[in-house]
file structure_20.cif (mmCIF, C-alpha atoms and all ligand atoms)
data_coords
loop_
_atom_site.label_atom_id
_atom_site.label_comp_id
_atom_site.auth_asym_id
_atom_site.auth_seq_id
_atom_site.Cartn_x
_atom_site.Cartn_y
_atom_site.Cartn_z
CA MET J 1 12.94 -10.16 -21.12
CA PRO J 2 12.62 -9.37 -17.37
CA ASN J 3 10.50 -11.68 -15.24
CA LEU J 4 8.68 -11.06 -11.99
CA PHE J 5 7.33 -13.34 -9.28
CA ILE J 6 3.61 -12.70 -9.12
CA SER J 7 1.04 -13.69 -6.53
CA GLU J 8 -2.02 -12.53 -8.48
CA LEU J 9 -3.21 -10.24 -11.25
CA PHE J 10 -6.76 -8.95 -11.02
CA TYR J 11 -9.10 -6.14 -11.89
CA SER J 12 -11.26 -4.70 -9.11
CA ILE J 13 -12.33 -1.61 -7.20
CA GLN J 14 -9.43 0.05 -5.42
CA GLY J 15 -10.24 -0.43 -1.75
CA GLU J 16 -7.57 1.78 -0.20
CA SER J 17 -5.79 5.12 -0.50
CA SER J 18 -7.34 8.35 -1.73
CA TYR J 19 -8.08 6.45 -4.98
CA ALA J 20 -10.51 4.13 -3.14
CA GLY J 21 -13.63 3.44 -5.11
CA LEU J 22 -12.04 3.64 -8.56
CA PRO J 23 -11.73 0.69 -10.95
CA CYS J 24 -8.10 -0.40 -10.90
CA ILE J 25 -5.80 -3.11 -12.25
CA PHE J 26 -3.82 -4.87 -9.53
CA ILE J 27 -0.41 -6.46 -9.92
CA ARG J 28 0.44 -8.26 -6.70
CA LEU J 29 4.10 -9.23 -6.50
CA SER J 30 4.95 -12.14 -4.24
CA GLY J 31 7.41 -12.30 -1.35
CA CYS J 32 7.79 -10.04 1.66
CA ASN J 33 10.59 -9.24 4.07
CA LEU J 34 8.18 -8.46 6.96
CA ARG J 35 5.71 -10.59 8.93
CA CYS J 36 3.08 -8.19 10.25
CA LYS J 37 0.77 -9.49 12.94
CA TRP J 38 -2.28 -8.25 10.98
CA CYS J 39 -1.11 -9.34 7.51
CA ASP J 40 -4.19 -9.89 5.35
CA THR J 41 -2.29 -11.13 2.29
CA THR J 42 -0.32 -14.04 3.79
CA TYR J 43 -0.84 -15.92 0.50
CA ALA J 44 1.51 -13.34 -1.08
CA LEU J 45 4.39 -14.19 1.24
CA SER J 46 5.35 -17.32 -0.68
CA LYS J 47 7.29 -17.36 -3.92
CA GLY J 48 4.48 -16.99 -6.45
CA ASP J 49 4.54 -17.70 -10.20
CA VAL J 50 6.97 -16.36 -12.77
CA TYR J 51 5.48 -13.96 -15.32
CA SER J 52 7.30 -12.17 -18.09
CA LEU J 53 6.87 -8.44 -18.46
CA ASP J 54 4.99 -9.11 -21.71
CA GLU J 55 2.52 -11.40 -19.96
CA ILE J 56 1.86 -8.81 -17.26
CA MET J 57 1.44 -6.01 -19.80
CA SER J 58 -0.99 -8.07 -21.85
CA PHE J 59 -3.11 -8.58 -18.72
CA VAL J 60 -3.04 -4.81 -18.17
CA HIS J 61 -4.04 -4.16 -21.79
CA LYS J 62 -7.16 -6.35 -21.42
CA HIS J 63 -8.77 -3.71 -19.22
CA LYS J 64 -9.72 -0.23 -20.25
CA VAL J 65 -8.82 1.62 -17.05
CA ARG J 66 -5.67 3.72 -16.70
CA LEU J 67 -5.06 3.17 -12.98
CA VAL J 68 -2.65 0.38 -11.98
CA CYS J 69 -1.75 -0.62 -8.43
CA ILE J 70 1.54 -2.45 -7.90
CA THR J 71 1.34 -4.15 -4.54
CA GLY J 72 2.51 -7.18 -2.60
CA GLY J 73 3.94 -8.74 -0.59
CA GLU J 74 6.61 -6.14 -0.90
CA PRO J 75 7.06 -5.09 -4.54
CA LEU J 76 10.39 -3.32 -3.99
CA LEU J 77 12.08 -6.61 -3.07
CA GLN J 78 12.18 -7.48 -6.78
CA PRO J 79 14.62 -5.23 -8.68
CA ASN J 80 12.85 -6.04 -11.97
CA VAL J 81 9.83 -4.07 -10.78
CA ILE J 82 11.50 -1.02 -12.28
CA TYR J 83 11.02 -2.48 -15.80
CA LEU J 84 7.33 -2.90 -15.11
CA ILE J 85 7.08 0.66 -13.82
CA LYS J 86 8.88 2.02 -16.89
CA SER J 87 6.65 0.08 -19.27
CA LEU J 88 3.52 1.37 -17.55
CA LEU J 89 4.79 4.95 -17.45
CA ASN J 90 5.73 4.76 -21.15
CA GLU J 91 2.08 4.00 -21.84
CA ASN J 92 0.90 6.81 -19.54
CA TYR J 93 -0.71 4.66 -16.86
CA LYS J 94 -1.19 6.20 -13.44
CA ILE J 95 0.69 3.99 -10.98
CA LEU J 96 0.03 3.49 -7.29
CA LEU J 97 2.87 1.60 -5.64
CA GLU J 98 2.08 0.15 -2.23
CA THR J 99 5.17 -0.48 -0.12
CA ASN J 100 5.68 -1.59 3.47
CA GLY J 101 8.04 1.24 4.46
CA SER J 102 11.10 -0.90 5.11
CA LEU J 103 12.95 -0.35 1.83
CA PRO J 104 14.22 2.88 0.20
CA ILE J 105 11.78 4.54 -2.21
CA ASN J 106 14.16 7.23 -3.50
CA LYS J 107 15.04 5.41 -6.75
CA LEU J 108 11.43 5.28 -7.89
CA PRO J 109 10.31 7.74 -10.58
CA HIS J 110 8.68 10.83 -9.11
CA SER J 111 5.46 10.28 -11.06
CA VAL J 112 4.80 6.94 -9.31
CA ILE J 113 2.40 7.58 -6.43
CA LYS J 114 3.88 5.91 -3.38
CA VAL J 115 1.44 4.58 -0.79
CA MET J 116 3.75 3.77 2.07
CA ASP J 117 2.99 2.00 5.33
CA LEU J 118 4.40 3.20 8.60
CA LYS J 119 3.97 0.10 10.72
CA CYS J 120 2.39 0.71 14.12
CA PRO J 121 3.71 -1.08 17.24
CA GLY J 122 0.83 -3.59 17.21
CA SER J 123 2.09 -4.97 13.89
CA GLY J 124 5.38 -5.97 15.53
CA MET J 125 7.27 -4.43 12.58
CA THR J 126 7.97 -0.84 13.69
CA GLY J 127 11.66 -1.64 14.14
CA TYR J 128 12.01 -2.40 10.41
CA MET J 129 10.88 1.01 9.12
CA TYR J 130 13.30 2.92 6.90
CA TRP J 131 12.57 6.34 8.34
CA LYS J 132 14.64 8.26 5.80
CA ASN J 133 11.88 7.48 3.28
CA ILE J 134 9.82 10.26 4.84
CA ASP J 135 12.24 12.77 3.28
CA TYR J 136 11.48 11.31 -0.16
CA LEU J 137 7.69 11.70 0.02
CA SER J 138 5.97 14.33 -2.05
CA LYS J 139 2.52 15.92 -1.81
CA MET J 140 1.00 13.35 -4.14
CA ASP J 141 2.26 10.43 -2.05
CA GLU J 142 0.39 8.83 0.83
CA VAL J 143 1.41 7.26 4.14
CA LYS J 144 -0.80 4.67 5.76
CA PHE J 145 -1.12 3.71 9.42
CA VAL J 146 -2.99 0.49 10.17
CA ILE J 147 -4.24 0.94 13.73
CA GLY J 148 -5.21 -1.93 16.00
CA SER J 149 -5.43 -0.28 19.42
CA ARG J 150 -5.35 2.99 21.35
CA GLU J 151 -1.59 2.50 21.75
CA ASP J 152 -1.20 2.33 17.96
CA TYR J 153 -3.34 5.44 17.59
CA ASP J 154 -1.30 7.45 20.11
CA TRP J 155 1.90 6.33 18.39
CA THR J 156 0.44 7.40 15.03
CA LYS J 157 -0.35 10.86 16.39
CA ASP J 158 3.20 11.22 17.73
CA ILE J 159 4.74 10.19 14.40
CA ILE J 160 2.49 12.56 12.42
CA LEU J 161 3.60 15.41 14.67
CA LYS J 162 7.28 14.46 14.86
CA TYR J 163 7.72 14.21 11.07
CA ARG J 164 5.16 16.92 10.16
CA LEU J 165 3.51 14.39 7.89
CA ILE J 166 0.42 16.46 7.17
CA GLU J 167 2.62 19.08 5.46
CA ARG J 168 4.50 16.47 3.43
CA CYS J 169 1.90 14.11 1.99
CA LYS J 170 -1.57 12.60 2.40
CA VAL J 171 -2.09 10.67 5.63
CA LEU J 172 -4.39 7.64 5.87
CA CYS J 173 -5.49 5.94 9.09
CA SER J 174 -7.11 2.55 8.82
CA PRO J 175 -8.50 0.34 11.60
CA VAL J 176 -7.34 -3.28 11.60
CA PHE J 177 -10.31 -5.11 10.05
CA ASN J 178 -12.42 -6.90 12.69
CA ILE J 179 -10.02 -5.84 15.47
CA LEU J 180 -10.61 -2.10 15.97
CA SER J 181 -14.04 -0.70 15.23
CA PRO J 182 -14.13 2.05 12.59
CA GLN J 183 -16.52 3.94 14.88
CA LEU J 184 -14.01 4.03 17.71
CA LEU J 185 -11.16 5.16 15.47
CA ALA J 186 -13.43 7.81 13.93
CA SER J 187 -14.31 9.11 17.42
CA TRP J 188 -10.62 9.45 18.36
CA ILE J 189 -9.82 11.28 15.11
CA LEU J 190 -12.76 13.64 15.53
CA LYS J 191 -12.00 14.35 19.19
CA ASP J 192 -8.40 15.26 18.31
CA HIS J 193 -9.36 17.13 15.12
CA LEU J 194 -6.66 15.08 13.41
CA PRO J 195 -6.58 16.12 9.73
CA VAL J 196 -6.15 12.60 8.36
CA ARG J 197 -8.26 10.49 6.06
CA LEU J 198 -10.06 7.63 7.82
CA GLN J 199 -9.73 4.72 5.43
CA LEU J 200 -11.80 1.55 5.46
CA GLN J 201 -10.77 -1.33 3.25
CA LEU J 202 -13.64 -0.87 0.83
CA HIS J 203 -13.09 -4.17 -1.00
CA LYS J 204 -13.67 -6.11 2.25
CA TYR J 205 -17.00 -4.36 2.78
CA ILE J 206 -18.04 -5.19 -0.79
CA TRP J 207 -16.73 -8.76 -1.12
CA GLY J 208 -15.56 -9.88 2.34
CA GLU J 209 -12.10 -11.17 3.12
CA ARG J 210 -11.01 -13.04 0.02
CA ARG J 211 -8.38 -13.03 -2.70
CA GLY J 212 -8.56 -11.39 -6.08
CA VAL J 213 -10.65 -8.36 -5.13
S1 LIG O 1 4.28 -5.89 4.77
FE1 LIG O 1 2.29 -6.35 3.92
S2 LIG O 1 2.52 -8.34 2.89
FE2 LIG O 1 4.31 -8.07 4.23
S3 LIG O 1 3.72 -9.13 6.10
FE3 LIG O 1 3.17 -6.96 6.36
S4 LIG O 1 1.03 -6.80 5.72
FE4 LIG O 1 1.84 -8.78 4.95
#

call {"tool": "encode", "arguments": {"input": "structure_20.cif", "output": "structure tokens", "more": "lines below"}}
Ligand code: SF4
result
Amino acid sequence: MPNLFISELFYSIQGESSYAGLPCIFIRLSGCNLRCKWCDTTYALSKGDVYSLDEIMSFVHKHKVRLVCITGGEPLLQPNVIYLIKSLLNENYKILLETNGSLPINKLPHSVIKVMDLKCPGSGMTGYMYWKNIDYLSKMDEVKFVIGSREDYDWTKDIILKYRLIERCKVLCSPVFNILSPQLLASWILKDHLPVRLQLQLHKYIWGERRGV
């Protein structure tokens, strides 16, 4: 029976992506290969607790929603995640998989919706991006830029243009919470007529900055 290292399992409102606002089951895998300056889940960087696939699936079955978010940490660091994905797909769950953009996504089943970060310079992690992933994105997938400054925003615009991201997938731009004001980012997007989705981390507006939501 495959095991996974888990940071937390919880049921909440999805705060990010184009699925924001929907009830969702979260499976947060522990461990990460990056150390972003703005990391808001530092508690997930450590090893976490071992859960069997059965234990995770029984948590999922307790809730009546069909949307599951596999997140981290970095979920693709654990090869056993594929068993979890297959189990969920076998039971027809819709899966959002949040990944930090540093590891290949091409082995994941097509029907898994990838929500992939492209780390802006302010995060300090741009050098770790696996750029070939952009070729593997489909229209139902989403890329996310977390923007902390005007420099990050200008970089984001350049990357969107260079890789024609708008034609490939959904594009999300999120201000770093409590660092860049949503109003300022909104004004830049509107001025440039940038066809991206401004994303606020809804869960933080509902519950504040805490775990398990
Ligand atoms: S990739 Fe995510 S979990 Fe890892 S350090 Fe960056 S923000 Fe934190």

call {"tool": "closest_residue", "arguments": {"input": "structure_20.cif", "among": "J:Gln78, J:Ser52, J:Ser17, J:Ser102", "to": "ligand LIG 1 (chain O)", "atoms": "all atoms listed in the file"}}
result
J:Ser102

call {"tool": "residues_near_ligand", "arguments": {"input": "structure_20.cif", "ligand": "ligand LIG 1 (chain O)", "cutoff": "10 Å", "atoms": "all atoms listed in the file", "output": "NGL selection string"}}
result
:J and (28-45 or 71-75 or 98-102 or 117-119 or 123-125 or 146)

call {"tool": "atom_distance", "arguments": {"input": "structure_20.cif", "atom1": "CA of Val143 in chain J", "atom2": "CA of Val171 in chain J"}}
result
5.1 Å

call {"tool": "residues_around", "arguments": {"input": "structure_20.cif", "residues": "Ile13 in chain J", "least_positions_apart": "3", "cutoff": "8 Å", "atoms": "all atoms listed in the file", "output": "list in words"}}
result
Ala20, Gly21, Leu22, Pro23, Cys24, His203 and Val213 of chain J

call {"tool": "write_last_selection", "arguments": {"input": "structure_20.cif", "atoms": "C-alpha atoms", "output": "PDB file, keeping the file's coordinate frame"}}
result
ATOM      1  CA  ALA J  20     -10.510   4.130  -3.140  1.00  0.00           C
ATOM      2  CA  GLY J  21     -13.630   3.440  -5.110  1.00  0.00           C
ATOM      3  CA  LEU J  22     -12.040   3.640  -8.560  1.00  0.00           C
ATOM      4  CA  PRO J  23     -11.730   0.690 -10.950  1.00  0.00           C
ATOM      5  CA  CYS J  24      -8.100  -0.400 -10.900  1.00  0.00           C
ATOM      6  CA  HIS J 203     -13.090  -4.170  -1.000  1.00  0.00           C
ATOM      7  CA  VAL J 213     -10.650  -8.360  -5.130  1.00  0.00           C
TER       8      VAL J 213
END

call {"tool": "closest_residue", "arguments": {"input": "structure_20.cif", "among": "J:Met140, J:Met116, J:Leu77, J:Ile147", "to": "Phe5 in chain J", "atoms": "all atoms listed in the file"}}
result
J:Leu77

call {"tool": "atom_distance", "arguments": {"input": "structure_20.cif", "atom1": "CA of Ser138 in chain J", "atom2": "CA of Leu96 in chain J"}}
result
13.4 Å

call {"tool": "atom_distance", "arguments": {"input": "structure_20.cif", "atom1": "CA of Leu172 in chain J", "atom2": "CA of Glu91 in chain J"}}
result
28.7 Å

call {"tool": "closest_residue", "arguments": {"input": "structure_20.cif", "among": "J:Tyr19, J:Tyr83, J:Trp188, J:Phe26", "to": "Glu151 in chain J", "atoms": "only C-alpha atoms"}}
result
J:Trp188

call {"tool": "closest_residue", "arguments": {"input": "structure_20.cif", "among": "J:Lys86, J:Lys191, J:Lys114, J:Arg197", "to": "Leu53 in chain J", "atoms": "only C-alpha atoms"}}
result
J:Lys86

call {"tool": "closest_residue", "arguments": {"input": "structure_20.cif", "among": "J:Pro195, J:Lys62, J:Ile70, J:Asp49", "to": "Glu167 in chain J", "atoms": "only C-alpha atoms"}}
result
J:Pro195

call {"tool": "residues_around", "arguments": {"input": "structure_20.cif", "residues": "Lys170 in chain J", "least_positions_apart": "4", "cutoff": "7 Å", "atoms": "all atoms listed in the file", "output": "tab-separated table (two decimals) with C-alpha atoms, in the coordinates of the input"}}
result
chain	number	residue	atom	x	y	z
J	139	LYS	CA	2.52	15.92	-1.81
J	141	ASP	CA	2.26	10.43	-2.05
J	142	GLU	CA	0.39	8.83	0.83
J	143	VAL	CA	1.41	7.26	4.14
J	166	ILE	CA	0.42	16.46	7.17

call {"tool": "closest_residue", "arguments": {"input": "structure_20.cif", "among": "J:Ile95, J:Gln183, J:Ile189, J:Ser174", "to": "Glu16 in chain J", "atoms": "all atoms listed in the file"}}
result
J:Ser174

call {"tool": "residues_around", "arguments": {"input": "structure_20.cif", "residues": "Pro104 in chain J", "least_positions_apart": "3", "cutoff": "8 Å", "atoms": "all atoms listed in the file", "output": "list in words"}}
result
Gly101, Lys107, Tyr130, Lys132 and Asn133 of chain J

call {"tool": "residues_around", "arguments": {"input": "structure_20.cif", "residues": "Asp54 in chain J", "least_positions_apart": "4", "cutoff": "10 Å", "atoms": "all atoms listed in the file", "output": "short mmCIF file (atom, residue, chain, number, x, y, z; two decimals) with C-alpha atoms, in the coordinates of the input"}}
result
data_model
loop_
_atom_site.label_atom_id
_atom_site.label_comp_id
_atom_site.auth_asym_id
_atom_site.auth_seq_id
_atom_site.Cartn_x
_atom_site.Cartn_y
_atom_site.Cartn_z
CA MET J 1 12.94 -10.16 -21.12
CA PRO J 2 12.62 -9.37 -17.37
CA ASN J 3 10.50 -11.68 -15.24
CA SER J 58 -0.99 -8.07 -21.85
CA PHE J 59 -3.11 -8.58 -18.72
CA VAL J 60 -3.04 -4.81 -18.17
CA LEU J 84 7.33 -2.90 -15.11
CA SER J 87 6.65 0.08 -19.27
#

call {"tool": "residues_around", "arguments": {"input": "structure_20.cif", "residues": "Phe10 in chain J", "least_positions_apart": "3", "cutoff": "7 Å", "atoms": "all atoms listed in the file", "output": "list in words"}}
result
Ile25, Phe26, Ile27 and Gly212 of chain J

call {"tool": "residues_near_point", "arguments": {"input": "structure_20.cif", "point": "(1.9, -14.7, -14.2)", "cutoff": "9 Å", "atoms": "only C-alpha atoms", "output": "ChimeraX atom specification"}}
result
/J:4-9,48-52,55-56
